[in-house]
Amino acid sequence: MTFEMGEETREVQGTWDISTYKYLIDGAGMKLLVDSMKEKKIRGIKCPQCETVYVPGPTFCRKCYIDIDEVVEIGETGVVMSYAVEMADVRGNPLEEFRLTAMIKLDGADTWIIGTISGMDWHDARIGMRVKAFWVDEPVGSLADIDRFEAI
Amino acid sequence: MRNVGIIGVGYTPVFVSKRKDVNIPEMISEAVDAAFRNTKLTPDDIDAITFGNMQTFEGVNMPHLWAADHMRALDKPYMRIATGGTTGMSTLHSAYYHVASGLHDVVMAITWEKQSEGDSQVGLSGIVMPEAMVMVQHGMDLFGGKGMGAMGGGSTGAAAYQAMSYLHHSGADPEHIDKMAALERSNAALNPYAHLRKKTTVADIQATPFVSWPLRFGHTCPTSDGATVAIVASEEMVEKLADSVAWINGVGCATSDPATVNFIEGQITDPAEQEPARMASSKAYAMAGIKDPSKEIDMAEMYNGFAHQSLMWLEKLGLCKEGEAHKMLDAGALNIDGELPTNASGGVFSTNAIGASAMNRPTECALQIMRKIEGGHQIPKKIKNAVSHGWGGMFQYVTVTVLGDEPRHGQG
Ligand SMILES: [Zn+2]
């Protein structure tokens with residue numbers, strides 16, 4: 001006896017709701033950062049041993065594996081380490097307005113953050129370019145308190 | 001440790017966007033059957049099995065266990081490996097460890113992905129979800145792109161930072177990415193187990209839109225359905241069972257801290273630095289007795305979800321000096337008949353059944369060494385030493401396997 005095999009397997013739709021997961025996050029360094037942003041400052045944590053400055057800061061040095069808690073203030077200017085120009089969204093649909101984003105090393109920090117750079121033609125963007133953070137008028141202690149970066 | 005070799009490889013008959021005619025275990029079993037057919041072994045010859053695919057990409061847990069019978073795994077030691085993009089090679093390494101340790105003699109490594117049944121963007125989101133959650137909670141406009149944050153463009157967005165940094169430090173032009181893409185797609189056209197099989201020119205690549213500058217749609221890999229199986233054996237069993245073999249002479253793997261979207265704790269690593277590639281490859285070369293990889297390695301299979309990466313990896317794996325890979329490309333050295341044929345298979349860039357992608361690199365090397373390549377991409381010169389590479393994690397995990405036509409050892 002033989003089975004009749006179909007051309008195609010049957011397909012059923014399924015969804016997996018990850019919004020029901022509960023992610024517990026140790027946000028000590030992130031809290032330090034957003035609290036400082038309320039004052040239009042950027043603060044990170046420095047390792048006393050290797051002197052690496054992290055923004056946002058972890059509670060331990062990722063190079064020395066020791067606990068760290070020395071708060072340091074860092075600059076609102078920095079240098080572009082790499083950049084990209086978003087021309088399509090995550091699903092590949094073209095964006096109406098291109099967006100220049102960069103990995104920025106703020107002065108005094110060893111870490112790189114990602115920021116949006118406004119006010120320039122993306123063709124003129126360069127690695128090594130200096131940029132400055134511009135704040136919203138009334139910061140509330142949120143990552144959105146930095147409105148944009150601009151080349152200086 | 002004892003000598004261990006790959007004695008046979010099995011692929012699904014095709015790697016394509018959608019296998020609608022088979023379900024997951026049916027598809028994988030095609031590659032398992034092919035491996036048995038190609039080696040003339042039977043399930044009784046296999047002592048243990050390792051199994052790998054991506055976490056969450058198909059939305060299924062423990063696929064190795066519910067597909068155990070399809071894998072011919074009943075009554076055998078059996079474990080699943082899931083290390084991200086490197087899964088395929090980690091699964092092979094696990095099989096290697098099983099045999100090199102002396103605990104088992106013949107081990108089958110099974111790797112696969114059936115991306116059409118899942119959603120790779122959801123799978124990737126699962127990796128960064130806690131990060132993304134904390135960023136949103138602290139006011140970041142994730143995809144709107146205001147101020148601090150913004151990681152639009154998914155993995156292509158993150159890869160674009162890497163590509164730009166690579167271009168800056170190497171002195172290569174964006175056109176070199178187009179050229180590498182065209183070379184690999186044209187290689188894939190010769191490979192019956194490649195997914196995108198069309199002879200491609202630089203102009204074809206340049207006609208595709210940019211996703212995230214400097215990366216175009218034509219620089220990105222497809223999502224594929226397919227499976228790959230390798231059977232590894234101890235030297236003693238190679239002599240008893242095999243008509244040909246490619247020796248696993250060196251293995252290495254290493255990680256740095258996350259080199260992308262490590263926002264909660266601050267990212268300290270340039271995504272194009274890839275120190276783990278140096279560490280993993282140094283270890284593997286030392287084990288394989290290779291002193292100068294730029295002279296002793298005859299072919300390379302690099303893991304490249306994006307077309308700039310083949311060039312970047314050649315430098316990071318010591319196959320040329322920094323800033324030299326694009327010059328080798330221009331000189332034709334990376335062609336199938338060149339000095340250092342690179343991704344003769346077409347690479348991950350042309351075929352990406354993710355869980356199998358880092359396995360297809362060493363299996364391609366093995367078949368090139370055995371001169372058992374099907375299709376038109378057999379490298380004409382004799383291959384003594386080959387290097388294969390896997391990459392993934394949070395842009396920071398690298399695996400390397402050095403294969404050879406003879407067992408070779410150094411001080412590894
Ligand atoms: Zn330290």
# chains A, B, ... in the order shown; residues from 1 in each chain; ligands from 1
$ residues_around --residues "Asp110 in chain A" --least-positions-apart "4" --cutoff "12 Å" --atoms "only C-alpha atoms" --output "JSON list (two decimals) with N, CA, C and O atoms, in the first residue's frame"
[["chain", "number", "residue", "atom", "x", "y", "z"],
["A", 44, "GLY", "N", 29.05, 58.56, 33.53],
["A", 44, "GLY", "CA", 29.35, 57.15, 33.37],
["A", 44, "GLY", "C", 30.07, 56.62, 34.60],
["A", 44, "GLY", "O", 30.16, 57.31, 35.62],
["A", 45, "ILE", "N", 30.60, 55.41, 34.48],
["A", 45, "ILE", "CA", 31.30, 54.77, 35.60],
["A", 45, "ILE", "C", 32.70, 54.38, 35.14],
["A", 45, "ILE", "O", 32.89, 53.87, 34.04],
["A", 46, "LYS", "N", 33.68, 54.68, 36.02],
["A", 46, "LYS", "CA", 35.08, 54.46, 35.67],
["A", 46, "LYS", "C", 35.65, 53.29, 36.48],
["A", 46, "LYS", "O", 35.39, 53.17, 37.68],
["A", 47, "CYS", "N", 36.48, 52.48, 35.82],
["A", 47, "CYS", "CA", 37.17, 51.41, 36.53],
["A", 47, "CYS", "C", 38.47, 51.98, 37.13],
["A", 47, "CYS", "O", 39.28, 52.56, 36.41],
["A", 50, "CYS", "N", 41.78, 49.80, 35.38],
["A", 50, "CYS", "CA", 42.23, 50.00, 33.99],
["A", 50, "CYS", "C", 41.81, 51.36, 33.44],
["A", 50, "CYS", "O", 42.15, 51.72, 32.32],
["A", 51, "GLU", "N", 41.05, 52.12, 34.24],
["A", 51, "GLU", "CA", 40.62, 53.48, 33.90],
["A", 51, "GLU", "C", 39.66, 53.55, 32.72],
["A", 51, "GLU", "O", 39.43, 54.62, 32.15],
["A", 52, "THR", "N", 39.09, 52.43, 32.33],
["A", 52, "THR", "CA", 38.07, 52.46, 31.29],
["A", 52, "THR", "C", 36.83, 53.17, 31.83],
["A", 52, "THR", "O", 36.40, 52.90, 32.95],
["A", 53, "VAL", "N", 36.28, 54.08, 31.01],
["A", 53, "VAL", "CA", 35.05, 54.80, 31.40],
["A", 53, "VAL", "C", 33.90, 54.28, 30.53],
["A", 53, "VAL", "O", 33.97, 54.33, 29.30],
["A", 54, "TYR", "N", 32.88, 53.77, 31.21],
["A", 54, "TYR", "CA", 31.73, 53.19, 30.52],
["A", 54, "TYR", "C", 30.53, 54.12, 30.60],
["A", 54, "TYR", "O", 30.20, 54.63, 31.66],
["A", 55, "VAL", "N", 29.84, 54.30, 29.46],
["A", 55, "VAL", "CA", 28.58, 55.05, 29.42],
["A", 55, "VAL", "C", 27.60, 54.29, 28.54],
["A", 55, "VAL", "O", 27.86, 54.15, 27.35],
["A", 56, "PRO", "N", 26.50, 53.78, 29.03],
["A", 56, "PRO", "CA", 26.15, 53.70, 30.45],
["A", 56, "PRO", "C", 27.10, 52.73, 31.17],
["A", 56, "PRO", "O", 27.69, 51.86, 30.53],
["A", 57, "GLY", "N", 27.22, 52.90, 32.47],
["A", 57, "GLY", "CA", 28.18, 52.08, 33.20],
["A", 57, "GLY", "C", 27.60, 50.75, 33.65],
["A", 57, "GLY", "O", 26.49, 50.71, 34.16],
["A", 74, "ILE", "N", 31.24, 63.06, 31.73],
["A", 74, "ILE", "CA", 31.94, 63.09, 30.45],
["A", 74, "ILE", "C", 31.34, 64.16, 29.55],
["A", 74, "ILE", "O", 30.32, 64.74, 29.87],
["A", 75, "GLY", "N", 32.00, 64.38, 28.43],
["A", 75, "GLY", "CA", 31.63, 65.51, 27.57],
["A", 75, "GLY", "C", 30.39, 65.26, 26.74],
["A", 75, "GLY", "O", 29.95, 64.12, 26.57],
["A", 78, "GLY", "N", 31.96, 64.60, 20.96],
["A", 78, "GLY", "CA", 32.64, 63.33, 20.75],
["A", 78, "GLY", "C", 33.04, 63.15, 19.30],
["A", 78, "GLY", "O", 32.95, 64.09, 18.50],
["A", 79, "VAL", "N", 33.46, 61.95, 18.97],
["A", 79, "VAL", "CA", 33.97, 61.69, 17.63],
["A", 79, "VAL", "C", 33.22, 60.51, 17.01],
["A", 79, "VAL", "O", 32.86, 59.56, 17.71],
["A", 81, "MET", "N", 32.94, 57.22, 15.25],
["A", 81, "MET", "CA", 33.80, 56.05, 15.06],
["A", 81, "MET", "C", 33.37, 55.26, 13.82],
["A", 81, "MET", "O", 34.17, 54.65, 13.15],
["A", 103, "MET", "N", 28.03, 55.68, 15.34],
["A", 103, "MET", "CA", 28.56, 55.21, 16.61],
["A", 103, "MET", "C", 29.51, 56.31, 17.08],
["A", 103, "MET", "O", 30.47, 56.65, 16.37],
["A", 104, "ILE", "N", 29.20, 56.87, 18.22],
["A", 104, "ILE", "CA", 29.91, 58.07, 18.70],
["A", 104, "ILE", "C", 30.63, 57.76, 20.00],
["A", 104, "ILE", "O", 30.04, 57.21, 20.92],
["A", 105, "LYS", "N", 31.93, 58.10, 20.04],
["A", 105, "LYS", "CA", 32.68, 57.99, 21.28],
["A", 105, "LYS", "C", 32.72, 59.38, 21.90],
["A", 105, "LYS", "O", 33.39, 60.27, 21.38],
["A", 106, "LEU", "N", 31.99, 59.56, 23.00],
["A", 106, "LEU", "CA", 31.94, 60.87, 23.65],
["A", 106, "LEU", "C", 33.28, 61.14, 24.33],
["A", 106, "LEU", "O", 33.94, 60.21, 24.83],
["B", 265, "GLU", "N", 25.18, 48.33, 28.89],
["B", 265, "GLU", "CA", 26.44, 48.40, 29.61],
["B", 265, "GLU", "C", 27.51, 49.17, 28.87],
["B", 265, "GLU", "O", 28.67, 49.20, 29.27],
["B", 266, "GLY", "N", 27.16, 49.78, 27.77],
["B", 266, "GLY", "CA", 28.13, 50.57, 27.03],
["B", 266, "GLY", "C", 29.00, 49.68, 26.15],
["B", 266, "GLY", "O", 29.66, 48.77, 26.61],
["B", 267, "GLN", "N", 28.99, 49.98, 24.85],
["B", 267, "GLN", "CA", 29.76, 49.14, 23.91],
["B", 267, "GLN", "C", 31.21, 49.62, 23.85],
["B", 267, "GLN", "O", 31.47, 50.79, 23.62],
["B", 268, "ILE", "N", 32.16, 48.70, 24.06],
["B", 268, "ILE", "CA", 33.56, 49.12, 24.03],
["B", 268, "ILE", "C", 34.31, 48.58, 22.82],
["B", 268, "ILE", "O", 35.51, 48.76, 22.69],
["B", 269, "THR", "N", 33.59, 47.90, 21.92],
["B", 269, "THR", "CA", 34.29, 47.22, 20.84],
["B", 269, "THR", "C", 33.83, 47.68, 19.47],
["B", 269, "THR", "O", 32.64, 47.71, 19.19],
["B", 270, "ASP", "N", 34.77, 48.03, 18.61],
["B", 270, "ASP", "CA", 34.51, 48.34, 17.22],
["B", 270, "ASP", "C", 33.99, 47.08, 16.52],
["B", 270, "ASP", "O", 34.65, 46.04, 16.56]]
$ interface_residues --of "chain A" --to "chain B" --cutoff "8 Å" --atoms "only C-alpha atoms" --output "PyMOL selection string"
chain A and resi 6-9+16+23-25+27+29-30+34+54-58+62+81-92+94+99+101-103+110-117+127+142-149
$ atom_distance --atom1 "CA of Thr228 in chain B" --atom2 "CA of Asp178 in chain B"
28.4 Å
$ residues_around --residues "range 354-368 of chain B" --least-positions-apart "6" --cutoff "8 Å" --atoms "only C-alpha atoms" --output "PyMOL selection string"
chain B and resi 6+9+52-54+84-89+91-92+111-113+223-224+226-228+230+245-247+299-303+345+347-348+378-379+383+386-391+401+403
$ atom_distance --atom1 "CA of Ile81 in chain B" --atom2 "CA of Ser94 in chain B"
8.1 Å
$ select_by_dssp --residues "range 60-112 of chain B" --states "helix (DSSP H, G or I)" --output "ChimeraX atom specification"
/B:63-66,84-100
$ closest_residue --among "B:Gly123, B:Ala188, B:Met394, B:Leu183" --to "Asp204 in chain B" --atoms "only C-alpha atoms"
B:Leu183
$ residues_around --residues "Asp337 in chain B" --least-positions-apart "5" --cutoff "12 Å" --atoms "only C-alpha atoms" --output "MDAnalysis selection string"
chainID B and resid 187 298:299 331:332 342:344 376:383
$ write_last_selection --atoms "all heavy atoms" --output "short mmCIF file (atom, residue, chain, number, x, y, z; two decimals), in the first residue's frame"
data_model
loop_
_atom_site.label_atom_id
_atom_site.label_comp_id
_atom_site.auth_asym_id
_atom_site.auth_seq_id
_atom_site.Cartn_x
_atom_site.Cartn_y
_atom_site.Cartn_z
N ASN B 187 30.21 32.56 -8.32
CA ASN B 187 30.64 31.24 -7.83
C ASN B 187 29.44 30.38 -7.47
O ASN B 187 29.39 29.19 -7.80
CB ASN B 187 31.53 31.39 -6.58
CG ASN B 187 32.89 31.98 -6.89
OD1 ASN B 187 33.27 32.11 -8.05
ND2 ASN B 187 33.63 32.32 -5.85
N ASP B 298 45.50 27.24 1.38
CA ASP B 298 45.24 27.17 -0.05
C ASP B 298 43.85 27.64 -0.46
O ASP B 298 43.61 27.92 -1.63
CB ASP B 298 45.42 25.72 -0.53
CG ASP B 298 46.81 25.21 -0.25
OD1 ASP B 298 47.77 25.88 -0.69
OD2 ASP B 298 46.95 24.17 0.43
N MET B 299 42.93 27.68 0.50
CA MET B 299 41.58 28.18 0.18
C MET B 299 40.90 28.65 1.46
O MET B 299 41.27 28.22 2.56
CB MET B 299 40.71 27.09 -0.47
CG MET B 299 40.38 25.95 0.47
SD MET B 299 39.07 24.83 -0.14
CE MET B 299 37.60 25.83 0.10
N ALA B 331 43.32 41.84 -7.94
CA ALA B 331 44.34 41.08 -8.68
C ALA B 331 43.83 39.71 -9.13
O ALA B 331 44.56 38.95 -9.76
CB ALA B 331 45.59 40.94 -7.82
N GLY B 332 42.58 39.38 -8.74
CA GLY B 332 42.02 38.08 -9.14
C GLY B 332 42.44 36.93 -8.25
O GLY B 332 42.12 35.77 -8.52
N THR B 342 38.43 32.19 -2.48
CA THR B 342 37.67 32.56 -1.29
C THR B 342 36.18 32.44 -1.59
O THR B 342 35.67 33.02 -2.53
CB THR B 342 38.03 34.01 -0.88
OG1 THR B 342 39.42 34.02 -0.53
CG2 THR B 342 37.21 34.46 0.31
N ASN B 343 35.52 31.64 -0.79
CA ASN B 343 34.09 31.36 -0.96
C ASN B 343 33.78 30.89 -2.39
O ASN B 343 32.91 31.44 -3.06
CB ASN B 343 33.24 32.56 -0.55
CG ASN B 343 33.28 32.77 0.96
OD1 ASN B 343 34.00 32.05 1.67
ND2 ASN B 343 32.53 33.72 1.45
N ALA B 344 34.50 29.87 -2.80
CA ALA B 344 34.22 29.22 -4.08
C ALA B 344 32.78 28.70 -4.10
O ALA B 344 32.16 28.57 -5.15
CB ALA B 344 35.20 28.07 -4.32
N GLY B 376 30.37 23.11 -10.81
CA GLY B 376 31.52 23.64 -11.54
C GLY B 376 32.51 24.43 -10.72
O GLY B 376 33.34 25.15 -11.29
N HIS B 377 32.46 24.33 -9.41
CA HIS B 377 33.32 25.21 -8.62
C HIS B 377 34.46 24.46 -7.91
O HIS B 377 34.99 24.96 -6.91
CB HIS B 377 32.50 26.02 -7.61
CG HIS B 377 31.79 25.19 -6.58
ND1 HIS B 377 30.81 24.29 -6.90
CD2 HIS B 377 31.95 25.11 -5.25
CE1 HIS B 377 30.39 23.70 -5.80
NE2 HIS B 377 31.05 24.17 -4.78
N GLN B 378 34.85 23.31 -8.44
CA GLN B 378 36.03 22.63 -7.87
C GLN B 378 37.26 23.51 -8.11
O GLN B 378 37.52 23.95 -9.23
CB GLN B 378 36.23 21.26 -8.53
CG GLN B 378 37.48 20.51 -8.07
CD GLN B 378 37.36 19.93 -6.66
OE1 GLN B 378 36.42 19.22 -6.36
NE2 GLN B 378 38.31 20.27 -5.78
N ILE B 379 38.01 23.75 -7.05
CA ILE B 379 39.24 24.55 -7.17
C ILE B 379 40.27 23.69 -7.89
O ILE B 379 40.51 22.54 -7.50
CB ILE B 379 39.73 24.96 -5.77
CG1 ILE B 379 38.72 25.94 -5.15
CG2 ILE B 379 41.12 25.58 -5.83
CD1 ILE B 379 38.90 26.19 -3.67
N PRO B 380 40.86 24.23 -8.97
CA PRO B 380 41.74 23.38 -9.78
C PRO B 380 43.00 22.90 -9.04
O PRO B 380 43.43 21.76 -9.21
CB PRO B 380 42.09 24.24 -10.98
CG PRO B 380 41.63 25.62 -10.68
CD PRO B 380 40.63 25.55 -9.59
N LYS B 381 43.59 23.79 -8.20
CA LYS B 381 44.86 23.39 -7.57
C LYS B 381 44.61 22.41 -6.42
O LYS B 381 43.51 22.33 -5.88
CB LYS B 381 45.60 24.63 -7.06
CG LYS B 381 44.94 25.32 -5.89
CD LYS B 381 45.82 26.43 -5.34
CE LYS B 381 45.11 27.16 -4.22
NZ LYS B 381 45.91 28.20 -3.60
N LYS B 382 45.68 21.70 -6.06
CA LYS B 382 45.58 20.77 -4.94
C LYS B 382 45.45 21.56 -3.63
O LYS B 382 46.16 22.54 -3.42
CB LYS B 382 46.84 19.90 -4.89
CG LYS B 382 46.84 18.90 -3.75
CD LYS B 382 48.06 18.00 -3.81
CE LYS B 382 48.26 17.20 -2.53
NZ LYS B 382 47.12 16.36 -2.15
N ILE B 383 44.52 21.14 -2.78
CA ILE B 383 44.32 21.82 -1.50
C ILE B 383 45.00 21.00 -0.39
O ILE B 383 44.57 19.90 -0.08
CB ILE B 383 42.83 21.96 -1.16
CG1 ILE B 383 42.03 22.56 -2.31
CG2 ILE B 383 42.65 22.76 0.13
CD1 ILE B 383 42.32 23.99 -2.60
#
$ residues_around --residues "His70 in chain B" --least-positions-apart "3" --cutoff "8 Å" --atoms "only C-alpha atoms" --output "list in words"
Pro25, Glu26, Ile28, Ser29, Ala67 and Ala73 of chain B
$ write_last_selection --atoms "all heavy atoms" --output "mmCIF file, in the first residue's frame"
data_model
loop_
_atom_site.group_PDB
_atom_site.id
_atom_site.type_symbol
_atom_site.label_atom_id
_atom_site.label_comp_id
_atom_site.auth_asym_id
_atom_site.auth_seq_id
_atom_site.Cartn_x
_atom_site.Cartn_y
_atom_site.Cartn_z
ATOM 1 N N PRO B 25 11.458 17.948 10.047
ATOM 2 C CA PRO B 25 12.230 16.700 10.155
ATOM 3 C C PRO B 25 12.405 15.981 8.823
ATOM 4 O O PRO B 25 13.446 15.365 8.579
ATOM 5 C CB PRO B 25 11.432 15.848 11.149
ATOM 6 C CG PRO B 25 10.151 16.532 11.366
ATOM 7 C CD PRO B 25 10.287 17.946 10.938
ATOM 8 N N GLU B 26 11.396 16.086 7.960
ATOM 9 C CA GLU B 26 11.531 15.456 6.634
ATOM 10 C C GLU B 26 12.676 16.093 5.854
ATOM 11 O O GLU B 26 13.471 15.398 5.202
ATOM 12 C CB GLU B 26 10.224 15.602 5.837
ATOM 13 C CG GLU B 26 9.090 14.725 6.351
ATOM 14 C CD GLU B 26 7.727 15.089 5.761
ATOM 15 O OE1 GLU B 26 7.604 16.151 5.106
ATOM 16 O OE2 GLU B 26 6.791 14.309 5.985
ATOM 17 N N ILE B 28 15.337 17.700 7.085
ATOM 18 C CA ILE B 28 16.654 17.383 7.654
ATOM 19 C C ILE B 28 17.040 15.940 7.313
ATOM 20 O O ILE B 28 18.202 15.645 7.026
ATOM 21 C CB ILE B 28 16.677 17.576 9.184
ATOM 22 C CG1 ILE B 28 16.123 18.949 9.581
ATOM 23 C CG2 ILE B 28 18.101 17.446 9.726
ATOM 24 C CD1 ILE B 28 15.881 19.097 11.072
ATOM 25 N N SER B 29 16.050 15.051 7.339
ATOM 26 C CA SER B 29 16.372 13.643 7.094
ATOM 27 C C SER B 29 16.876 13.414 5.673
ATOM 28 O O SER B 29 17.605 12.458 5.404
ATOM 29 C CB SER B 29 15.179 12.735 7.416
ATOM 30 O OG SER B 29 14.134 12.973 6.514
ATOM 31 N N ALA B 67 12.358 15.327 16.639
ATOM 32 C CA ALA B 67 12.729 14.744 15.347
ATOM 33 C C ALA B 67 13.748 13.614 15.512
ATOM 34 O O ALA B 67 14.419 13.235 14.558
ATOM 35 C CB ALA B 67 13.299 15.833 14.439
ATOM 36 N N ALA B 73 18.479 8.837 15.493
ATOM 37 C CA ALA B 73 19.214 9.078 16.738
ATOM 38 C C ALA B 73 18.772 8.180 17.888
ATOM 39 O O ALA B 73 19.310 8.296 18.989
ATOM 40 C CB ALA B 73 19.041 10.540 17.151
#
$ closest_residue --among "A:Ala28, A:Val12, A:Cys61, A:Met37" --to "ligand 1" --atoms "only C-alpha atoms and all ligand atoms"
A:Cys61
